[in-house]
Amino acid sequence: MNIGGLQKLTLLDYPGKIACTVFTVGCNLRCPFCHNASLVTHPQDAGYVTDDELFSFLKKRKGVLDGVCVTGGEPTLQKDLPDFLEKLKDLGYLVKLDTNGTNPRILRSVIDGHLVDYVAMDIKNSPEKYILTSGGIDLLKSIEESVSALLSGKVQYEFRTTVANGFHETEDFESIGKWISGANKYFIQNFVDSGDLISQGTLGIPKEKMYEFLKTIQKYIPSAELRGI
């Protein structure tokens, strides 16, 4: 695995669990407001963690940590992801996978193989504006397949949308709601400038606009929530 970083403790990334977060390098999208841009655009500069170092740490933390979050970048680009997840499961950890949904074959494989316990998939925007939000890269068909795979209910999951000024409007959430209607969990979260962005100058959305987005999406997903407010 190409691991570009390790957060040794998180109480936020895995809902209801004490976990660590593993950051993989590389991504096939170029979302302008990506907050881990260096893992995408300059993977050679990442502070690499070897598999041996990671698993040594995880063996010492058994009984302290509940789970491991695998994020990126985009983890499903890693050829040895299934083997890596299997090793995490063999140690007794719960596994959460973050994905942009562009690799439905791998996503279905790790779900069917019971290698993940929770999947968080980004919904970048409405289908009509996906290419704008993904940096001009059109992988919508694959993303739609991943949405369907999660809606089948074989694994616990959430969909989430990070909103940014100039990219999202109320009508987008009307479209998203129709697209993922029936989802168990959906979160809207505001863009926060991490200082490590693909495109500088991106801004968040005013709070009142966030509530407008929420009201719109709740027509289709009553359980939808704002995250971070």
# chains A, B, ... in the order shown; residues from 1 in each chain; ligands from 1
$ residues_around --residues "stretch 129-131 of chain A" --least-positions-apart "2" --cutoff "10 Å" --atoms "only C-alpha atoms" --output "PDB file with N, CA, C and O atoms, in the first residue's frame"
ATOM      1  N   LEU A  29      -9.466  11.975  -9.458  1.00  0.00           N
ATOM      2  CA  LEU A  29     -10.213  13.214  -9.637  1.00  0.00           C
ATOM      3  C   LEU A  29      -9.324  14.389  -9.244  1.00  0.00           C
ATOM      4  O   LEU A  29      -8.293  14.210  -8.597  1.00  0.00           O
ATOM      5  N   ARG A  30      -9.765  15.577  -9.628  1.00  0.00           N
ATOM      6  CA  ARG A  30      -9.016  16.798  -9.303  1.00  0.00           C
ATOM      7  C   ARG A  30      -9.994  17.858  -8.791  1.00  0.00           C
ATOM      8  O   ARG A  30     -10.093  18.950  -9.330  1.00  0.00           O
ATOM      9  N   CYS A  31     -10.697  17.519  -7.743  1.00  0.00           N
ATOM     10  CA  CYS A  31     -11.698  18.427  -7.184  1.00  0.00           C
ATOM     11  C   CYS A  31     -11.001  19.703  -6.704  1.00  0.00           C
ATOM     12  O   CYS A  31     -10.043  19.623  -5.918  1.00  0.00           O
ATOM     13  N   ILE A 123     -20.502  12.394  -2.544  1.00  0.00           N
ATOM     14  CA  ILE A 123     -21.334  12.820  -3.665  1.00  0.00           C
ATOM     15  C   ILE A 123     -20.896  14.252  -3.953  1.00  0.00           C
ATOM     16  O   ILE A 123     -21.239  15.176  -3.222  1.00  0.00           O
ATOM     17  N   LYS A 124     -20.108  14.420  -4.975  1.00  0.00           N
ATOM     18  CA  LYS A 124     -19.462  15.715  -5.204  1.00  0.00           C
ATOM     19  C   LYS A 124     -20.460  16.801  -5.568  1.00  0.00           C
ATOM     20  O   LYS A 124     -20.281  17.969  -5.191  1.00  0.00           O
ATOM     21  N   ASN A 125     -21.521  16.418  -6.308  1.00  0.00           N
ATOM     22  CA  ASN A 125     -22.486  17.407  -6.762  1.00  0.00           C
ATOM     23  C   ASN A 125     -23.641  16.677  -7.447  1.00  0.00           C
ATOM     24  O   ASN A 125     -23.677  15.443  -7.467  1.00  0.00           O
ATOM     25  N   SER A 126     -24.558  17.444  -8.004  1.00  0.00           N
ATOM     26  CA  SER A 126     -25.610  16.861  -8.818  1.00  0.00           C
ATOM     27  C   SER A 126     -24.982  16.213 -10.051  1.00  0.00           C
ATOM     28  O   SER A 126     -23.884  16.615 -10.486  1.00  0.00           O
ATOM     29  N   PRO A 127     -25.636  15.213 -10.626  1.00  0.00           N
ATOM     30  CA  PRO A 127     -25.062  14.592 -11.830  1.00  0.00           C
ATOM     31  C   PRO A 127     -24.755  15.602 -12.928  1.00  0.00           C
ATOM     32  O   PRO A 127     -23.751  15.473 -13.642  1.00  0.00           O
ATOM     33  N   THR A 133     -17.274  19.767 -10.705  1.00  0.00           N
ATOM     34  CA  THR A 133     -16.773  19.628  -9.344  1.00  0.00           C
ATOM     35  C   THR A 133     -15.625  18.642  -9.238  1.00  0.00           C
ATOM     36  O   THR A 133     -14.873  18.665  -8.261  1.00  0.00           O
ATOM     37  N   SER A 134     -15.482  17.773 -10.217  1.00  0.00           N
ATOM     38  CA  SER A 134     -14.421  16.758 -10.171  1.00  0.00           C
ATOM     39  C   SER A 134     -13.186  17.176 -10.951  1.00  0.00           C
ATOM     40  O   SER A 134     -12.310  16.347 -11.209  1.00  0.00           O
ATOM     41  N   GLY A 135     -13.114  18.438 -11.334  1.00  0.00           N
ATOM     42  CA  GLY A 135     -11.930  18.922 -12.038  1.00  0.00           C
ATOM     43  C   GLY A 135     -11.906  18.567 -13.512  1.00  0.00           C
ATOM     44  O   GLY A 135     -10.834  18.422 -14.104  1.00  0.00           O
ATOM     45  N   GLY A 136     -13.098  18.440 -14.125  1.00  0.00           N
ATOM     46  CA  GLY A 136     -13.172  18.169 -15.558  1.00  0.00           C
ATOM     47  C   GLY A 136     -13.048  16.705 -15.926  1.00  0.00           C
ATOM     48  O   GLY A 136     -12.945  16.371 -17.111  1.00  0.00           O
ATOM     49  N   ILE A 137     -13.058  15.818 -14.945  1.00  0.00           N
ATOM     50  CA  ILE A 137     -12.905  14.378 -15.195  1.00  0.00           C
ATOM     51  C   ILE A 137     -14.276  13.716 -15.096  1.00  0.00           C
ATOM     52  O   ILE A 137     -14.965  13.823 -14.076  1.00  0.00           O
ATOM     53  N   ASP A 138     -14.679  13.035 -16.164  1.00  0.00           N
ATOM     54  CA  ASP A 138     -16.018  12.464 -16.246  1.00  0.00           C
ATOM     55  C   ASP A 138     -15.995  10.965 -15.947  1.00  0.00           C
ATOM     56  O   ASP A 138     -15.662  10.153 -16.807  1.00  0.00           O
ATOM     57  N   LEU A 139     -16.337  10.611 -14.708  1.00  0.00           N
ATOM     58  CA  LEU A 139     -16.454   9.205 -14.316  1.00  0.00           C
ATOM     59  C   LEU A 139     -17.827   8.948 -13.687  1.00  0.00           C
ATOM     60  O   LEU A 139     -17.988   8.085 -12.831  1.00  0.00           O
ATOM     61  N   LEU A 140     -18.826   9.707 -14.147  1.00  0.00           N
ATOM     62  CA  LEU A 140     -20.147   9.662 -13.521  1.00  0.00           C
ATOM     63  C   LEU A 140     -20.791   8.279 -13.605  1.00  0.00           C
ATOM     64  O   LEU A 140     -21.428   7.833 -12.649  1.00  0.00           O
ATOM     65  N   ILE A 143     -19.507   6.199 -10.882  1.00  0.00           N
ATOM     66  CA  ILE A 143     -20.000   6.717  -9.608  1.00  0.00           C
ATOM     67  C   ILE A 143     -21.446   6.291  -9.385  1.00  0.00           C
ATOM     68  O   ILE A 143     -21.830   5.896  -8.271  1.00  0.00           O
ATOM     69  N   PHE A 167     -19.914  26.374  -6.456  1.00  0.00           N
ATOM     70  CA  PHE A 167     -20.067  25.005  -6.963  1.00  0.00           C
ATOM     71  C   PHE A 167     -21.451  24.411  -6.687  1.00  0.00           C
ATOM     72  O   PHE A 167     -21.884  23.535  -7.423  1.00  0.00           O
ATOM     73  N   HIS A 168     -22.104  24.861  -5.637  1.00  0.00           N
ATOM     74  CA  HIS A 168     -23.357  24.235  -5.213  1.00  0.00           C
ATOM     75  C   HIS A 168     -24.461  25.270  -5.037  1.00  0.00           C
ATOM     76  O   HIS A 168     -24.238  26.311  -4.416  1.00  0.00           O
ATOM     77  N   ASP A 172     -29.131  21.935  -7.053  1.00  0.00           N
ATOM     78  CA  ASP A 172     -28.262  20.756  -7.067  1.00  0.00           C
ATOM     79  C   ASP A 172     -28.722  19.733  -6.043  1.00  0.00           C
ATOM     80  O   ASP A 172     -28.635  18.515  -6.271  1.00  0.00           O
TER      81      ASP A 172
END
$ select_by_dssp --residues "stretch 1-174 of chain A" --states "strand (DSSP E or B)" --output "compact mmCIF listing (two decimals) with N, CA, C and O atoms, in the first residue's frame"
# COMPACT_ATOMS: atom_id res chain seq x y z
N ILE A 3 1.01 4.38 1.50
CA ILE A 3 0.42 5.09 2.63
C ILE A 3 1.20 6.39 2.82
O ILE A 3 2.39 6.39 3.09
N GLY A 4 0.49 7.51 2.67
CA GLY A 4 1.14 8.81 2.74
C GLY A 4 1.02 9.49 4.08
O GLY A 4 1.55 10.58 4.28
N GLY A 5 0.34 8.84 5.04
CA GLY A 5 0.19 9.45 6.35
C GLY A 5 -0.63 8.60 7.28
O GLY A 5 -1.40 7.72 6.85
N LEU A 6 -0.47 8.84 8.58
CA LEU A 6 -1.21 8.11 9.61
C LEU A 6 -1.60 9.07 10.72
O LEU A 6 -0.74 9.72 11.31
N GLN A 7 -2.88 9.18 10.96
CA GLN A 7 -3.38 9.91 12.13
C GLN A 7 -3.66 8.86 13.20
O GLN A 7 -4.54 8.01 13.03
N LYS A 8 -2.92 8.89 14.28
CA LYS A 8 -2.94 7.79 15.23
C LYS A 8 -4.20 7.74 16.09
O LYS A 8 -4.48 6.69 16.68
N LEU A 9 -4.95 8.81 16.14
CA LEU A 9 -6.18 8.80 16.94
C LEU A 9 -7.17 9.77 16.34
O LEU A 9 -6.85 10.92 16.06
N THR A 10 -8.40 9.30 16.12
CA THR A 10 -9.49 10.17 15.70
C THR A 10 -10.78 9.73 16.39
O THR A 10 -11.06 8.52 16.48
N ALA A 19 -10.70 5.44 16.61
CA ALA A 19 -10.04 4.88 15.43
C ALA A 19 -8.74 5.63 15.12
O ALA A 19 -8.42 6.65 15.73
N CYS A 20 -8.02 5.09 14.17
CA CYS A 20 -6.92 5.81 13.53
C CYS A 20 -7.28 5.95 12.06
O CYS A 20 -8.19 5.28 11.56
N THR A 21 -6.57 6.83 11.36
CA THR A 21 -6.86 7.07 9.95
C THR A 21 -5.59 6.89 9.13
O THR A 21 -4.55 7.48 9.42
N VAL A 22 -5.72 6.08 8.10
CA VAL A 22 -4.63 5.81 7.16
C VAL A 22 -4.92 6.56 5.87
O VAL A 22 -6.00 6.43 5.29
N PHE A 23 -3.95 7.35 5.41
CA PHE A 23 -4.11 8.15 4.20
C PHE A 23 -3.34 7.52 3.05
O PHE A 23 -2.11 7.40 3.11
N THR A 24 -4.06 7.12 2.01
CA THR A 24 -3.39 6.60 0.81
C THR A 24 -3.11 7.76 -0.14
O THR A 24 -3.75 8.82 -0.08
N VAL A 49 4.50 5.90 5.14
CA VAL A 49 4.49 4.95 6.26
C VAL A 49 4.50 3.55 5.66
O VAL A 49 3.67 3.23 4.80
N LYS A 62 -4.17 -2.69 19.81
CA LYS A 62 -5.33 -3.58 19.94
C LYS A 62 -5.93 -3.45 21.33
O LYS A 62 -5.21 -3.44 22.33
N LEU A 65 -7.91 0.93 20.21
CA LEU A 65 -8.63 1.42 19.04
C LEU A 65 -9.70 0.41 18.63
O LEU A 65 -9.49 -0.81 18.70
N GLY A 67 -11.29 0.80 15.46
CA GLY A 67 -11.30 0.66 14.02
C GLY A 67 -10.21 1.44 13.32
O GLY A 67 -9.46 2.21 13.92
N VAL A 68 -10.16 1.22 12.00
CA VAL A 68 -9.20 1.90 11.13
C VAL A 68 -9.98 2.51 9.98
O VAL A 68 -10.77 1.83 9.31
N CYS A 69 -9.77 3.81 9.76
CA CYS A 69 -10.35 4.51 8.61
C CYS A 69 -9.31 4.53 7.50
O CYS A 69 -8.17 4.93 7.73
N VAL A 70 -9.72 4.11 6.32
CA VAL A 70 -8.82 4.12 5.17
C VAL A 70 -9.35 5.16 4.20
O VAL A 70 -10.44 5.03 3.65
N THR A 71 -8.55 6.21 4.00
CA THR A 71 -8.99 7.34 3.20
C THR A 71 -7.89 7.73 2.24
O THR A 71 -6.96 6.98 2.01
N LEU A 94 -12.45 -3.03 13.17
CA LEU A 94 -13.49 -2.57 12.26
C LEU A 94 -12.83 -1.69 11.20
O LEU A 94 -11.85 -0.99 11.48
N VAL A 95 -13.37 -1.72 9.99
CA VAL A 95 -12.75 -0.98 8.89
C VAL A 95 -13.78 -0.05 8.25
O VAL A 95 -14.86 -0.48 7.85
N LYS A 96 -13.40 1.21 8.16
CA LYS A 96 -14.20 2.21 7.42
C LYS A 96 -13.42 2.63 6.19
O LYS A 96 -12.23 2.95 6.28
N LEU A 97 -14.09 2.62 5.05
CA LEU A 97 -13.47 3.01 3.79
C LEU A 97 -14.10 4.29 3.27
O LEU A 97 -15.31 4.39 3.14
N ASP A 98 -13.26 5.29 2.99
CA ASP A 98 -13.71 6.51 2.33
C ASP A 98 -13.41 6.38 0.84
O ASP A 98 -12.31 5.99 0.45
N THR A 99 -14.39 6.75 -0.01
CA THR A 99 -14.18 6.60 -1.44
C THR A 99 -14.93 7.67 -2.23
O THR A 99 -15.95 8.19 -1.77
N TYR A 118 -17.99 -0.23 7.14
CA TYR A 118 -18.66 1.06 6.94
C TYR A 118 -18.00 1.74 5.75
O TYR A 118 -16.77 1.75 5.63
N VAL A 119 -18.82 2.29 4.86
CA VAL A 119 -18.30 2.99 3.69
C VAL A 119 -18.86 4.41 3.69
O VAL A 119 -20.07 4.62 3.85
N ALA A 120 -17.98 5.39 3.52
CA ALA A 120 -18.39 6.78 3.35
C ALA A 120 -18.04 7.19 1.93
O ALA A 120 -16.87 7.17 1.54
N MET A 121 -19.08 7.52 1.16
CA MET A 121 -18.86 7.87 -0.25
C MET A 121 -19.22 9.33 -0.48
O MET A 121 -20.28 9.79 -0.10
N ASP A 122 -18.31 10.03 -1.14
CA ASP A 122 -18.56 11.42 -1.50
C ASP A 122 -19.54 11.50 -2.67
O ASP A 122 -19.40 10.78 -3.66
N GLN A 156 -23.04 -1.02 6.08
CA GLN A 156 -23.37 0.30 6.61
C GLN A 156 -22.65 1.35 5.78
O GLN A 156 -21.48 1.18 5.41
N TYR A 157 -23.33 2.46 5.52
CA TYR A 157 -22.73 3.47 4.65
C TYR A 157 -23.30 4.84 4.96
O TYR A 157 -24.32 4.98 5.64
N GLU A 158 -22.61 5.83 4.42
CA GLU A 158 -23.14 7.19 4.38
C GLU A 158 -22.72 7.83 3.08
O GLU A 158 -21.68 7.49 2.50
N PHE A 159 -23.56 8.72 2.57
CA PHE A 159 -23.18 9.62 1.50
C PHE A 159 -22.94 10.98 2.12
O PHE A 159 -23.56 11.34 3.12
N ARG A 160 -22.06 11.77 1.51
CA ARG A 160 -21.76 13.09 2.06
C ARG A 160 -21.34 14.02 0.94
O ARG A 160 -20.72 13.60 -0.04
N THR A 161 -21.71 15.28 1.09
CA THR A 161 -21.35 16.30 0.12
C THR A 161 -20.68 17.46 0.83
O THR A 161 -21.25 18.02 1.77
N THR A 162 -19.49 17.79 0.39
CA THR A 162 -18.81 19.00 0.87
C THR A 162 -19.20 20.14 -0.06
O THR A 162 -19.01 20.04 -1.28
N VAL A 163 -19.76 21.20 0.51
CA VAL A 163 -20.27 22.29 -0.32
C VAL A 163 -19.31 23.47 -0.31
O VAL A 163 -18.67 23.77 0.71
$ select_by_dssp --residues "stretch 39-159 of chain A" --states "alpha helix (DSSP H)" --output "ChimeraX atom specification"
/A:39-41,51-60,81-90,104-112,130-133,140-151
$ atom_distance --atom1 "atom CA of A:Thr50" --atom2 "atom CA of A:Ser38"
18.4 Å
$ residues_around --residues "A:Gly201" --least-positions-apart "6" --cutoff "12 Å" --atoms "only C-alpha atoms" --output "PDB file with N, CA, C and O atoms, in the first residue's frame"
ATOM      1  N   PRO A  32     -11.444  20.875  -7.151  1.00  0.00           N
ATOM      2  CA  PRO A  32     -10.730  22.114  -6.825  1.00  0.00           C
ATOM      3  C   PRO A  32     -10.587  22.362  -5.335  1.00  0.00           C
ATOM      4  O   PRO A  32      -9.595  22.955  -4.900  1.00  0.00           O
ATOM      5  N   PHE A  33     -11.566  21.921  -4.545  1.00  0.00           N
ATOM      6  CA  PHE A  33     -11.528  22.188  -3.106  1.00  0.00           C
ATOM      7  C   PHE A  33     -11.081  20.974  -2.298  1.00  0.00           C
ATOM      8  O   PHE A  33     -11.331  20.893  -1.091  1.00  0.00           O
ATOM      9  N   ALA A 164     -19.222  24.128  -1.455  1.00  0.00           N
ATOM     10  CA  ALA A 164     -18.314  25.272  -1.595  1.00  0.00           C
ATOM     11  C   ALA A 164     -18.972  26.341  -2.454  1.00  0.00           C
ATOM     12  O   ALA A 164     -19.748  26.036  -3.382  1.00  0.00           O
ATOM     13  N   ASN A 165     -18.659  27.566  -2.164  1.00  0.00           N
ATOM     14  CA  ASN A 165     -19.221  28.694  -2.891  1.00  0.00           C
ATOM     15  C   ASN A 165     -18.838  28.628  -4.367  1.00  0.00           C
ATOM     16  O   ASN A 165     -17.679  28.396  -4.719  1.00  0.00           O
ATOM     17  N   GLY A 166     -19.840  28.802  -5.234  1.00  0.00           N
ATOM     18  CA  GLY A 166     -19.598  28.761  -6.665  1.00  0.00           C
ATOM     19  C   GLY A 166     -19.769  27.396  -7.285  1.00  0.00           C
ATOM     20  O   GLY A 166     -19.771  27.266  -8.519  1.00  0.00           O
ATOM     21  N   PHE A 191     -17.288  23.455   3.268  1.00  0.00           N
ATOM     22  CA  PHE A 191     -15.872  23.512   2.929  1.00  0.00           C
ATOM     23  C   PHE A 191     -15.109  24.284   4.004  1.00  0.00           C
ATOM     24  O   PHE A 191     -15.537  25.355   4.450  1.00  0.00           O
ATOM     25  N   VAL A 192     -13.971  23.731   4.388  1.00  0.00           N
ATOM     26  CA  VAL A 192     -13.058  24.408   5.306  1.00  0.00           C
ATOM     27  C   VAL A 192     -11.678  24.406   4.648  1.00  0.00           C
ATOM     28  O   VAL A 192     -11.194  23.353   4.221  1.00  0.00           O
ATOM     29  N   ASP A 193     -11.070  25.549   4.581  1.00  0.00           N
ATOM     30  CA  ASP A 193      -9.766  25.668   3.930  1.00  0.00           C
ATOM     31  C   ASP A 193      -8.682  25.044   4.810  1.00  0.00           C
ATOM     32  O   ASP A 193      -8.368  25.545   5.882  1.00  0.00           O
ATOM     33  N   SER A 194      -8.124  23.941   4.332  1.00  0.00           N
ATOM     34  CA  SER A 194      -7.065  23.251   5.070  1.00  0.00           C
ATOM     35  C   SER A 194      -5.696  23.861   4.803  1.00  0.00           C
ATOM     36  O   SER A 194      -4.716  23.511   5.460  1.00  0.00           O
ATOM     37  N   GLY A 195      -5.628  24.734   3.787  1.00  0.00           N
ATOM     38  CA  GLY A 195      -4.342  25.267   3.367  1.00  0.00           C
ATOM     39  C   GLY A 195      -3.614  24.368   2.384  1.00  0.00           C
ATOM     40  O   GLY A 195      -2.541  24.712   1.906  1.00  0.00           O
TER      41      GLY A 195
END
$ atom_distance --atom1 "atom CA of A:Ser56" --atom2 "atom CA of A:Leu12"
23.2 Å
$ closest_residue --among "A:Leu91, A:Ala149, A:Val25, A:Leu226" --to "A:Lys59" --atoms "only C-alpha atoms"
A:Leu91
$ closest_residue --among "A:Gly113, A:Gly153, A:Gly182, A:Gly73" --to "A:Cys34" --atoms "only C-alpha atoms"
A:Gly73
$ closest_residue --among "A:Tyr93, A:Glu169, A:Pro82, A:Pro75" --to "A:Leu58" --atoms "only C-alpha atoms"
A:Tyr93
$ atom_distance --atom1 "atom CA of A:Asp112" --atom2 "atom CA of A:Gly72"
21.8 Å
